[in-house]
>>> print(open('data.txt').read())   # compact mmCIF, C-alpha atoms
# COMPACT_ATOMS: atom_id res chain seq x y z
CA MET O 80 0.00 0.00 0.00
CA LYS O 81 2.76 2.40 0.93
CA ARG O 82 4.51 1.54 -2.34
CA LEU O 83 1.37 2.35 -4.32
CA LEU O 84 0.99 5.69 -2.53
CA GLY O 85 4.62 6.44 -3.26
CA PHE O 86 4.17 5.75 -6.98
CA ALA O 87 1.04 7.88 -7.03
CA LEU O 88 2.82 10.80 -5.37
CA PHE O 89 5.75 10.45 -7.79
CA PHE O 90 3.54 10.59 -10.87
CA LEU O 91 1.57 13.50 -9.39
CA LEU O 92 4.76 15.50 -8.88
CA LEU O 93 6.01 14.51 -12.32
CA GLY O 94 2.78 15.67 -13.92
CA THR O 95 2.93 18.95 -12.02
CA ALA O 96 6.50 19.54 -13.18
CA PHE O 97 5.58 18.85 -16.79
CA GLY O 98 2.60 21.18 -16.46
CA GLU O 99 4.73 24.01 -15.12
CA ALA O 100 7.32 23.47 -17.84
CA GLU O 101 4.59 23.57 -20.48
CA ASP O 102 3.22 26.81 -19.01
CA GLU O 103 6.70 28.35 -19.11
CA ASN O 104 7.09 27.27 -22.73
CA ILE O 105 3.75 28.86 -23.63
CA VAL O 106 4.71 32.13 -21.92
CA TYR O 107 8.11 32.11 -23.68
CA ARG O 108 6.54 31.48 -27.09
CA GLU O 109 4.01 34.28 -26.52
CA ALA O 110 6.81 36.66 -25.52
CA ILE O 111 8.70 35.83 -28.73
CA ALA O 112 5.58 36.28 -30.86
CA ASN O 113 4.78 39.66 -29.25
CA ALA O 114 8.36 40.94 -29.59
CA ARG O 115 8.46 40.05 -33.28
CA LYS O 116 4.98 41.42 -33.90
CA ASN O 117 5.93 44.76 -32.31
CA GLY O 118 9.24 44.95 -34.17
CA PHE O 119 11.29 44.75 -30.95
CA GLY O 120 10.07 48.18 -29.87
CA ASP O 121 12.10 49.56 -26.97
CA LEU O 122 11.46 52.81 -25.11
CA GLU O 123 15.14 53.39 -24.33
CA ILE O 124 16.01 53.09 -28.02
CA ASP O 125 13.35 55.68 -28.90
CA ASN O 126 14.63 58.00 -26.16
CA LEU O 127 18.24 57.62 -27.33
CA HIS O 128 17.26 58.29 -30.94
CA GLY O 129 15.54 61.48 -29.83
CA THR O 130 18.40 62.68 -27.61
CA ILE O 131 21.06 61.92 -30.23
CA SER O 132 19.02 63.70 -32.91
CA ARG O 133 18.72 66.85 -30.78
CA ARG O 134 22.40 66.82 -29.84
CA LEU O 135 23.37 66.28 -33.48
CA LYS O 136 21.32 69.31 -34.52
CA ASN O 137 22.95 71.43 -31.80
CA VAL O 138 26.47 70.32 -32.75
CA PHE O 139 25.89 71.25 -36.39
CA GLU O 140 24.46 74.64 -35.38
CA LEU O 141 27.43 75.38 -33.10
CA GLY O 142 29.74 74.72 -36.06
CA GLY O 143 33.53 74.59 -36.09
CA LEU O 144 33.68 70.93 -37.13
CA PRO O 145 36.48 69.77 -39.48
CA GLU O 146 35.30 68.82 -42.94
CA GLY O 147 36.30 66.10 -45.35
CA PRO O 148 37.23 62.44 -45.07
CA GLY O 149 40.63 63.12 -43.48
CA ASN O 150 44.12 62.65 -44.83
CA PHE O 151 46.46 59.75 -45.46
CA ASP O 152 48.94 60.93 -42.83
CA GLU O 153 46.33 60.10 -40.19
CA LEU O 154 47.16 56.45 -40.83
CA THR O 155 50.76 56.92 -39.72
CA ASN O 156 50.45 59.84 -37.29
CA GLY O 157 47.91 59.21 -34.56
CA ALA O 158 48.22 62.79 -33.30
CA LYS O 159 46.59 64.01 -36.50
CA THR O 160 43.62 61.66 -36.28
CA ARG O 161 40.40 63.61 -35.97
CA ALA O 162 37.75 62.22 -33.67
CA ILE O 163 34.84 63.92 -35.47
CA ILE O 164 34.41 65.15 -39.03
CA VAL O 165 31.54 66.20 -41.28
CA GLY O 166 31.23 65.33 -44.93
CA LYS O 167 29.02 64.04 -47.72
CA ASP O 168 28.77 60.50 -49.02
CA ALA O 169 28.65 59.34 -52.63
CA ASP O 170 24.92 60.07 -52.72
CA GLY O 171 25.48 63.67 -51.62
CA LYS O 172 23.98 63.13 -48.16
CA GLN O 173 25.57 65.01 -45.26
CA TYR O 174 26.88 63.07 -42.27
CA LEU O 175 28.78 63.47 -39.06
CA ARG O 176 31.36 60.74 -38.51
CA MET O 177 32.70 60.09 -35.03
CA ARG O 178 35.41 57.75 -33.84
CA LEU O 179 34.25 55.32 -31.16
CA ARG O 180 37.62 53.66 -30.54
CA ASP O 181 40.66 52.23 -32.29
CA GLY O 182 43.77 50.28 -31.44
CA PHE O 183 44.96 46.68 -31.40
CA SER O 184 43.03 43.51 -30.62
CA TYR O 185 43.80 39.83 -30.29
CA SER O 186 41.64 36.86 -31.20
CA SER O 187 42.09 33.15 -30.55
CA THR O 188 38.71 31.84 -31.69
CA GLU O 189 40.17 29.71 -34.48
CA PHE O 190 43.89 30.35 -34.12
CA PRO O 191 45.90 33.22 -32.58
CA SER O 192 45.51 36.39 -34.68
CA GLN O 193 46.37 40.04 -34.15
CA TYR O 194 44.36 42.94 -35.53
CA VAL O 195 44.35 46.67 -35.97
CA PHE O 196 40.76 47.86 -35.49
CA ARG O 197 38.89 51.11 -36.04
CA ALA O 198 35.31 51.66 -34.87
CA HIS O 199 33.25 54.61 -36.14
CA CYS O 200 29.68 55.85 -36.33
CA TYR O 201 27.98 57.77 -39.16
CA LEU O 202 25.06 59.99 -38.18
CA TYR O 203 22.92 61.36 -41.02
CA PRO O 204 20.92 64.44 -39.92
CA GLY O 205 17.36 64.78 -41.13
CA PRO O 206 14.90 67.69 -41.25
CA GLU O 207 13.81 69.50 -38.07
CA GLY O 208 16.24 67.83 -35.71
CA THR O 209 15.68 64.23 -36.80
CA MET O 210 18.03 61.56 -38.13
CA ASP O 211 17.72 59.89 -41.53
CA LYS O 212 20.13 57.04 -40.83
CA ILE O 213 22.70 55.77 -38.35
CA VAL O 214 25.59 53.42 -39.20
CA PHE O 215 27.98 51.73 -36.78
CA GLN O 216 31.02 50.12 -38.35
CA PHE O 217 33.87 48.00 -36.99
CA TYR O 218 36.85 47.62 -39.31
CA ARG O 219 39.63 45.12 -38.61
CA ILE O 220 42.83 44.30 -40.45
CA SER O 221 44.77 41.21 -39.43
CA TYR O 222 48.53 41.56 -39.60
CA SER O 223 49.71 38.14 -38.49
CA GLY O 224 50.57 35.34 -40.91
CA SER O 225 51.61 35.46 -44.55
CA GLN O 226 48.41 37.12 -45.79
CA TYR O 227 46.25 39.64 -43.97
CA ILE O 228 42.50 40.00 -44.23
CA ARG O 229 40.22 43.00 -43.92
CA ASP O 230 36.81 42.50 -42.39
CA LEU O 231 34.03 44.95 -41.64
CA ARG O 232 30.87 44.62 -39.56
CA ARG O 233 28.06 47.15 -39.75
CA TYR O 234 24.89 47.89 -37.79
CA ILE O 235 22.55 50.04 -39.91
CA HIS O 236 19.27 51.55 -38.78
CA PRO O 237 17.54 53.14 -41.80
CA GLU O 238 14.96 55.04 -39.70
CA PRO O 239 16.32 55.93 -36.25
CA LYS O 240 13.26 57.85 -35.06
CA ASP O 241 11.85 58.74 -31.66
CA VAL O 242 8.29 57.57 -32.24
CA ALA O 243 7.42 57.43 -28.52
CA GLN O 244 8.20 61.12 -27.87
CA ALA O 245 8.11 60.20 -24.18
CA GLU O 246 9.74 63.42 -22.94
CA GLY O 247 7.14 65.50 -21.11
CA LYS O 248 4.50 62.76 -21.08
CA PRO O 249 3.19 61.51 -17.73
CA ILE O 250 4.57 58.27 -16.31
CA GLY O 251 2.43 55.32 -17.36
CA ALA O 252 1.06 57.04 -20.45
CA GLU O 253 0.37 54.78 -23.40
CA LEU O 254 3.21 55.04 -25.90
CA GLN O 255 3.71 53.91 -29.46
CA LEU O 256 7.23 52.58 -30.02
CA LEU O 257 9.42 52.52 -33.11
CA ASN O 258 9.38 49.32 -35.14
CA ASN O 259 13.05 48.25 -35.31
CA SER O 260 12.48 45.31 -37.66
CA ASN O 261 14.59 46.87 -40.44
CA LEU O 262 17.74 47.09 -38.32
CA LYS O 263 20.44 45.40 -40.41
CA VAL O 264 23.73 43.67 -39.60
CA GLU O 265 26.24 43.30 -42.43
CA TYR O 266 29.55 41.49 -42.73
CA TYR O 267 32.26 42.15 -45.32
CA GLU O 268 35.59 40.44 -45.90
CA ALA O 269 38.42 40.72 -48.42
CA LEU O 270 41.97 39.46 -48.81
CA SER O 271 44.98 41.77 -48.87
CA THR O 272 45.25 41.27 -52.63
CA VAL O 273 41.98 43.16 -53.17
CA PRO O 274 42.46 46.96 -53.45
CA PRO O 275 40.46 48.65 -50.63
CA LYS O 276 38.49 51.01 -52.87
CA TRP O 277 35.90 51.32 -50.10
CA GLU O 278 38.35 53.22 -47.86
CA GLY O 279 38.64 56.98 -47.63
CA PRO O 280 42.02 58.80 -47.67
CA ASP O 281 42.34 58.28 -43.90
CA GLY O 282 41.82 54.52 -44.13
CA VAL O 283 38.27 54.56 -42.74
CA PRO O 284 35.51 52.87 -44.79
CA LYS O 285 33.22 55.41 -46.43
CA GLY O 286 29.61 56.03 -45.50
CA THR O 287 28.45 54.47 -48.78
CA LEU O 288 30.47 51.37 -49.62
CA GLU O 289 31.70 50.02 -52.94
CA TRP O 290 31.86 46.61 -51.36
CA THR O 291 29.43 43.70 -51.49
CA PRO O 292 28.59 42.14 -48.12
CA ILE O 293 29.22 38.44 -47.63
CA SER O 294 26.19 38.25 -45.38
CA GLN O 295 23.35 40.62 -44.51
CA ILE O 296 20.85 40.01 -41.74
CA THR O 297 17.63 41.93 -41.16
CA LEU O 298 16.55 41.83 -37.53
CA ASN O 299 12.94 40.86 -38.13
CA SER O 300 12.23 40.58 -41.84
CA PRO O 301 8.55 39.80 -42.56
CA THR O 302 9.54 38.04 -45.81
CA GLU O 303 11.73 35.48 -44.06
CA LYS O 304 9.93 32.17 -43.62
CA THR O 305 12.36 31.16 -40.88
CA PRO O 306 13.42 34.19 -38.76
CA ILE O 307 16.80 34.23 -37.11
CA PRO O 308 16.78 32.68 -33.61
CA TYR O 309 15.15 34.82 -30.96
CA PRO O 310 18.23 34.95 -28.64
CA LYS O 311 20.26 36.34 -31.57
CA GLN O 312 17.59 38.97 -32.24
CA VAL O 313 17.71 40.02 -28.60
CA GLN O 314 21.52 40.18 -28.76
CA ILE O 315 21.39 42.46 -31.81
CA ILE O 316 19.01 44.85 -30.02
CA PHE O 317 21.18 44.75 -26.89
CA ASN O 318 24.36 45.55 -28.85
CA TYR O 319 22.64 48.35 -30.76
CA LYS O 320 21.38 49.90 -27.55
CA LYS O 321 24.87 49.83 -26.01
CA LEU O 322 26.27 51.59 -29.07
CA LEU O 323 23.57 54.27 -28.92
CA ARG O 324 24.45 54.97 -25.28
CA GLN O 325 28.11 55.40 -26.22
CA VAL O 326 27.28 57.79 -29.08
CA GLU O 327 25.00 59.86 -26.83
CA ARG O 328 27.80 60.23 -24.24
CA ILE O 329 30.30 61.32 -26.90
CA LEU O 330 27.90 63.82 -28.45
CA ALA O 331 27.09 65.24 -25.02
CA ARG O 332 30.81 65.96 -24.45
CA VAL O 333 31.21 67.45 -27.92
CA GLU O 334 28.17 69.69 -27.47
CA LYS O 335 29.38 70.86 -24.06
CA THR O 336 32.86 71.61 -25.40
CA LYS O 337 31.48 73.51 -28.38
CA ARG O 338 29.27 75.65 -26.13
CA LEU O 339 32.21 76.44 -23.85
CA ASP O 340 34.37 77.37 -26.83
CA ARG O 341 31.65 79.67 -28.13
CA ASP O 342 31.14 81.32 -24.73
CA GLN O 343 34.89 81.86 -24.31
CA ALA O 344 35.13 83.41 -27.77
CA LEU O 345 32.23 85.76 -26.98
CA GLU O 346 33.76 86.68 -23.64
CA LYS O 347 37.04 87.53 -25.33
CA VAL O 348 35.24 89.90 -27.67
CA ILE O 349 33.02 91.72 -25.16
CA ASP O 350 35.27 91.72 -22.07
CA TYR O 351 37.08 95.05 -21.96
CA ASN O 352 37.68 97.97 -19.63
CA GLY O 353 35.99 101.02 -21.07
CA SER O 354 38.36 103.42 -19.26
CA SER O 355 41.28 102.15 -21.35
CA PHE O 356 39.77 103.54 -24.55
>>> encode(input="data.txt", output="structure tokens")
Amino acid sequence: MKRLLGFALFFLLLGTAFGEAEDENIVYREAIANARKNGFGDLEIDNLHGTISRRLKNVFELGGLPEGPGNFDELTNGAKTRAIIVGKDADGKQYLRMRLRDGFSYSSTEFPSQYVFRAHCYLYPGPEGTMDKIVFQFYRISYSGSQYIRDLRRYIHPEPKDVAQAEGKPIGAELQLLNNSNLKVEYYEALSTVPPKWEGPDGVPKGTLEWTPISQITLNSPTEKTPIPYPKQVQIIFNYKKLLRQVERILARVEKTKRLDRDQALEKVIDYNGSSF
């Protein structure tokens, strides 16, 4: 009798465990379906798009930014490397390019390799303090072994808007979020024997590339019968958000510096002792 009760309790607990697991699976599947349906909308991304757009507009209005794609001597003289420049791409669209970081890196995923890397961001201003496009790019050149390889990774958001417009709205207000489905990730690669026609004079890939990507992934393409795995989609959004935070911090420093420079210049002009004239 005791043995029968024991078996009954075991199967009851087993059934309960399976039931809970099934409930968790249902909740997880619903979360995935909702995220994909809403285009991975994220309030922080909307807020960052809005803040970056406003800062970008202010930086352009304050002026004093170096123009052009840079010079070749920036490749060999780090002191001449410019952190921020403005220019126009091959399509005639204006951009602000900022350096995120550069230096040396080391990888041992397949076999030990050393790289020189350069990370930049292109911000394309739009009308009335908006942005038309944002491009993050990570350029690496291996210099170990008998033949080096160039590879480039890009995050491209074709419509970095602040749809939510949450600033000034009460907490808990219903918000519409930007659909980020068209966020793209691209990968390029070429051997050292291929002339890098996609580079500018300063060795940085141009805003518009003459280079065909080896692979191109759209975050949440509605035409794809089999979407990319959900954890990878979440990772793409997470990486993009981290990059936006970094750009916002850099632009905040640039804007502050530009305002201080302007105020100092004005002070130099108007600060005088009338009795000395």
>>> residues_around(input="data.txt", residues="region 129-140 of chain O", least_positions_apart="5", cutoff="12 Å", atoms="all atoms listed in the file", output="PyMOL selection string")
chain O and resi 122-124+145-146+163-166+173-177+201-213+238-246+257+322-338+341
>>> closest_residue(input="data.txt", among="O:Ile111, O:Arg161, O:Gln255, O:Gly282", to="Ile220 (chain O)", atoms="all atoms listed in the file")
O:Gly282
>>> atom_distance(input="data.txt", atom1="CA of Arg229 (chain O)", atom2="CA of Gly147 (chain O)")
23.5 Å
>>> atom_distance(input="data.txt", atom1="CA of Thr297 (chain O)", atom2="CA of Arg197 (chain O)")
23.7 Å
>>> atom_distance(input="data.txt", atom1="CA of Tyr266 (chain O)", atom2="CA of Ile296 (chain O)")
8.9 Å
